[in-house]
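**Student:** Have a look at this one.
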Amino acid sequence: MTKVKILLLCSCVCFAGCSSVSTPKKNEATASNALKVVFNAASVFDGSQAKDITFNTDGSVSYVATAVASGGGVVFYIKPDRSVINISNYDSVDITVECAPVEGKWAPGAKKPSFGFRLYTPEATGFWSGFEDVEYFDYEGEGMSGTIVKNVKINDAWVKKYINSCDNDDVIGFTLKFNAYQRGNNEKDELKVTIKSVVFNKKPGTPPDAPTSDGLTEADRGKVVRITYPSHDYVSGDTTIYQKPAWVYLPAGYNAADKGTKYPLLILLHGYQQNQDTWGLRDKGTGGKIKGYLDRGIHSGEVKKFVLVVVNGVASKNYASGTGTDIAGFNAFGGELRNDLIPFMRANYNIAEGRDNVALAGLSMGGMQTVNIGIGETLDLISWFGVFSFPMPPAAELNNKIKARGFESYNINYLYAICGDQDFLIKWDAYEKSVKDLSEGFDKVKLGTNFSYERFEGGTHDFPVWYQGFKNFIPLIFKK
């Protein structure tokens with residue numbers, strides 16, 4: 001029987017088009033309870049998704065954000081000393097922002113400018129890592145350019161969702177993402193943004209902000225290293241070896257010299273227009289949000305120790321363009337997985353032998369690869385699968401792939417899936433039908449109770465869903 005779990009994590013996100021410009025009501029908090037963000041060069045946490053960042057004499061900040069990968073911006077620290085705030089101590093945020101499409105760089109028919117207000121966990125390492133969306137809002141004045149004055153509410157339901165995702169209520173930064181997603185923008189569209197003011201309104205009587213301790217010592221935390229590994233271009237057929245970058249997480253206690261202790265391996269994939277950096281795993285700061293999940297899960301005993309490698313899933317030299325946009329390269333990844341990546345990891349790290357010790361998971365396009373390549377082409381190498389925000393293929397199609405490769409005798413130890421019910425690309429009804437059809441018709445490999453899927457209420461095609469998927473997947477694997 002397929003197990004279904006519904007995540008009652010209403011995101012309280014209002015997506016583009018459903019929110020109106022509002023003038024904030026007079027806040028009852030005293031001046032001492034108002035935390036105004038100071039904009040200067042030291043306040044930039046990550047400006048990689050913007051250009052022409054300028055700090056103005058009136059205390060505002062201006063920049064140009066592009067529409068590529070659903071929209072960019074700048075992540076700013078909330079406090080000048082870069083310390084955390086506890087978001088449960090705050091009830092709203094007052095925002096004043098000016099916006100104007102860059103002349104000649106706005107698609108005909110595109111909707112008016114829109115923003116997504118995001119808050120960042122201290123574990124975040126960049127623009128696309130470790131954030132939670134609070135609310136989306138649009139410019140609704142005359143024309144395409146003007147000022148938005150917005151009061152974003154921080155209600156108890158959203159705080160609960162944030163804590164569930166981040167394991168605490170600590171927030172270090174924010175961004176106003178240019179929301180180019182599903183609004184008719186071209187990837188090269190640009191938006192001039194001037195943030196005039198951002199003020200976090202603290203609830204009267206709440207305690208001072210302070211970082212939350214997870215109780216772990218440095219010895220309890222894993223290590224992240226950046227590697228390169230030799231690969232081939234499986235699209236062109238060029239046999240010349242070239243080096244591909246990846247990130248590796250080694251669990252606490254990993255000792256390269258201890259060849260007698262072997263670890264399972266999880267391979268994690270990104271989506272379209274992304275690369276090996278997008279999941280946010282890094283060798284800087286705290287290492288990223290997924291590293292925190294791993295450290296805490298392993299320390300508690302809920303997650304079995306394993307090695308994680310986050311790779312670029314484009315199996316051609318075109319990956320060097322920076323993001324995965326080569327569909328042929330995505331589809332050819334099975335060759336790299338079999339001939340290059342897994343052999344390299346076993347040769348260079350203490351990885352246990354056998355398919356029962358290998359898992360594969362991915363988001364969106366990486367979810368497609370997990371099913372079509374992981375199950376359809378490399379089932380003899382991998383037995384645990386996580387699919388985040390991608391519909392399952394017809395059971396007959398997957399059965400035929402497996403039969404063609406002679407994989408009928410191989411079992412699946414677990415197949416886990418998750419999708420947001422507000423996903424604009426993958427409609428929930430069609431998604432749910434696909435997972436049910438697969439579980440009922442997948443006769444060559446018996447799934448039975450080794451299959452579950454989750455519905456993330458309010459979730460879209462974005463990282464809040466994918467982080468939750470990773471967090472829920474890792475306790476399920478390597479338990480055999």
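For the structure tokens, the naming scheme is as follows: chains receive sequential letters (A, B, ...) according to their order of presentation, residues are indexed from 1 within each chain, and ligands are indexed from 1 in presentation order.
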Do you know which residues are at most 12 Å from Leu337 of chain A counting only C-alpha atoms, after dropping those on the same chain fewer than 5 positions away, and could you put them as a ChimeraX atom specification?
**Tutor:** /A:229-232,234,267-269,309,311-315,330-332,342-345,358-360,369-370,373-374,377-382
**Student:** List the neighbours of segment 470-477 of chain A out to 6 Å using only C-alpha atoms; skip same-chain residues closer than 3 positions along the sequence, and give me the result as a PyMOL selection string.
**Tutor:** chain A and resi 302-303+467
**Student:** Would you kindly return, as a VMD selection string, each protein, DNA or RNA residue with an atom no farther than 12 Å from any atom of Asp58 of chain A, considering only C-alpha atoms and excluding same-chain residues fewer than 2 positions away?
**Tutor:** chain A and resid 38 to 40 54 to 56 60 to 62 194 to 197
**Student:** Could you pull out the residues in segment 177-206 of chain A that DSSP calls strand (DSSP E or B) from the backbone, as a VMD selection string?
**Tutor:** chain A and resid 177 to 178 190 to 202
**Student:** Just the selected residues (N, CA, C and O atoms), exported as a PDB file, in the first residue's frame, please.
**Tutor:**
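Output file part33.pdb follows:
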```pdb
ATOM      1  N   LYS A 177      13.139  39.449  -3.742  1.00  0.00           N
ATOM      2  CA  LYS A 177      13.431  38.797  -5.023  1.00  0.00           C
ATOM      3  C   LYS A 177      12.540  39.386  -6.117  1.00  0.00           C
ATOM      4  O   LYS A 177      11.318  39.489  -5.941  1.00  0.00           O
ATOM      5  N   PHE A 178      13.155  39.769  -7.213  1.00  0.00           N
ATOM      6  CA  PHE A 178      12.387  40.161  -8.397  1.00  0.00           C
ATOM      7  C   PHE A 178      11.618  38.928  -8.849  1.00  0.00           C
ATOM      8  O   PHE A 178      12.186  37.959  -9.328  1.00  0.00           O
ATOM      9  N   GLU A 190      15.243  42.887 -17.106  1.00  0.00           N
ATOM     10  CA  GLU A 190      15.904  43.489 -15.957  1.00  0.00           C
ATOM     11  C   GLU A 190      14.983  44.492 -15.268  1.00  0.00           C
ATOM     12  O   GLU A 190      14.178  45.168 -15.923  1.00  0.00           O
ATOM     13  N   LEU A 191      15.120  44.574 -13.956  1.00  0.00           N
ATOM     14  CA  LEU A 191      14.306  45.471 -13.146  1.00  0.00           C
ATOM     15  C   LEU A 191      15.206  46.325 -12.272  1.00  0.00           C
ATOM     16  O   LEU A 191      16.043  45.797 -11.523  1.00  0.00           O
ATOM     17  N   LYS A 192      15.071  47.654 -12.384  1.00  0.00           N
ATOM     18  CA  LYS A 192      15.800  48.569 -11.503  1.00  0.00           C
ATOM     19  C   LYS A 192      15.023  48.667 -10.190  1.00  0.00           C
ATOM     20  O   LYS A 192      13.813  48.933 -10.177  1.00  0.00           O
ATOM     21  N   VAL A 193      15.719  48.433  -9.094  1.00  0.00           N
ATOM     22  CA  VAL A 193      15.094  48.393  -7.773  1.00  0.00           C
ATOM     23  C   VAL A 193      15.796  49.387  -6.852  1.00  0.00           C
ATOM     24  O   VAL A 193      17.031  49.446  -6.826  1.00  0.00           O
ATOM     25  N   THR A 194      15.035  50.143  -6.112  1.00  0.00           N
ATOM     26  CA  THR A 194      15.579  50.982  -5.045  1.00  0.00           C
ATOM     27  C   THR A 194      14.797  50.680  -3.768  1.00  0.00           C
ATOM     28  O   THR A 194      13.585  50.955  -3.703  1.00  0.00           O
ATOM     29  N   ILE A 195      15.476  50.074  -2.812  1.00  0.00           N
ATOM     30  CA  ILE A 195      14.841  49.813  -1.518  1.00  0.00           C
ATOM     31  C   ILE A 195      15.039  51.051  -0.655  1.00  0.00           C
ATOM     32  O   ILE A 195      16.160  51.379  -0.268  1.00  0.00           O
ATOM     33  N   LYS A 196      13.953  51.733  -0.370  1.00  0.00           N
ATOM     34  CA  LYS A 196      14.021  52.968   0.407  1.00  0.00           C
ATOM     35  C   LYS A 196      14.126  52.692   1.906  1.00  0.00           C
ATOM     36  O   LYS A 196      14.858  53.376   2.626  1.00  0.00           O
ATOM     37  N   SER A 197      13.383  51.674   2.355  1.00  0.00           N
ATOM     38  CA  SER A 197      13.363  51.406   3.796  1.00  0.00           C
ATOM     39  C   SER A 197      12.807  50.015   4.060  1.00  0.00           C
ATOM     40  O   SER A 197      11.865  49.576   3.390  1.00  0.00           O
ATOM     41  N   VAL A 198      13.410  49.327   5.025  1.00  0.00           N
ATOM     42  CA  VAL A 198      12.894  48.057   5.541  1.00  0.00           C
ATOM     43  C   VAL A 198      12.990  48.105   7.059  1.00  0.00           C
ATOM     44  O   VAL A 198      14.073  48.308   7.605  1.00  0.00           O
ATOM     45  N   VAL A 199      11.856  47.930   7.738  1.00  0.00           N
ATOM     46  CA  VAL A 199      11.808  48.026   9.198  1.00  0.00           C
ATOM     47  C   VAL A 199      11.117  46.786   9.757  1.00  0.00           C
ATOM     48  O   VAL A 199       9.979  46.480   9.390  1.00  0.00           O
ATOM     49  N   PHE A 200      11.812  46.069  10.622  1.00  0.00           N
ATOM     50  CA  PHE A 200      11.252  44.916  11.313  1.00  0.00           C
ATOM     51  C   PHE A 200      10.629  45.404  12.621  1.00  0.00           C
ATOM     52  O   PHE A 200      11.308  46.033  13.451  1.00  0.00           O
ATOM     53  N   ASN A 201       9.343  45.110  12.810  1.00  0.00           N
ATOM     54  CA  ASN A 201       8.606  45.596  13.971  1.00  0.00           C
ATOM     55  C   ASN A 201       8.536  44.515  15.046  1.00  0.00           C
ATOM     56  O   ASN A 201       7.872  43.487  14.877  1.00  0.00           O
ATOM     57  N   LYS A 202       9.227  44.762  16.141  1.00  0.00           N
ATOM     58  CA  LYS A 202       9.326  43.791  17.226  1.00  0.00           C
ATOM     59  C   LYS A 202       8.113  43.886  18.153  1.00  0.00           C
ATOM     60  O   LYS A 202       7.637  44.986  18.458  1.00  0.00           O
TER      61      LYS A 202
END
```
**Student:** If you run DSSP on the backbone, which residues of segment 13-157 of chain A are helix (DSSP H, G or I), as a VMD selection string?
**Tutor:** chain A and resid 31 to 33 41 to 43 68 to 70 87 to 89 156 to 157
**Student:** What lies within 9 Å of segment 431-437 of chain A using only C-alpha atoms, ignoring chain neighbours under 6 positions off, as a PyMOL selection string?
**Tutor:** chain A and resi 2+389-395+417+419+452-453+455
**Student:** When you look at segment 275-285 of chain A with a cut-off of 9 Å (counting only C-alpha atoms), what residues show up, excluding the ones that are within fewer than 6 positions of it in the same chain? I need them as number ranges by chain.
**Tutor:** A: 122-130, 223-226, 245-249, 268-269, 291, 310-314, 319, 322-324, 463, 467
**Student:** Tell me, as a list in words, which residues lie within 10 Å of Val152 of chain A, counting only C-alpha atoms; anything in the same chain fewer than 4 positions away does not count.
**Tutor:**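 Everything that qualifies: Ser22, Pro24, Asp91, Ser92, Val93, Asp94, Ile95, Phe117, Val134, Glu135, Tyr136, Phe137 and Phe200 of chain A.
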**Student:** So that I can check the surroundings of Asp209 of chain A, please list as a list in words every protein, DNA and RNA residue that reaches within 12 Å of it, counting only C-alpha atoms and ignoring chain neighbours fewer than 6 positions away.
**Tutor:**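 Near Asp209 of chain A, the qualifying residues are Asn33, Leu35, Ile78, Lys79, Ser83, Val84, Ile85, Asn86, Ile87, Ser88, Asn89, Tyr90, Asp169, Asp170, Val171, Ile172, Lys202 and Lys203 of chain A.
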**Student:** What separation in Å, quoted to one decimal, exists between atom CA of Gly334 of chain A and atom CA of Gln243 of chain A?
**Tutor:**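 Atom CA of Gly334 of chain A sits 17.1 Å away from atom CA of Gln243 of chain A.
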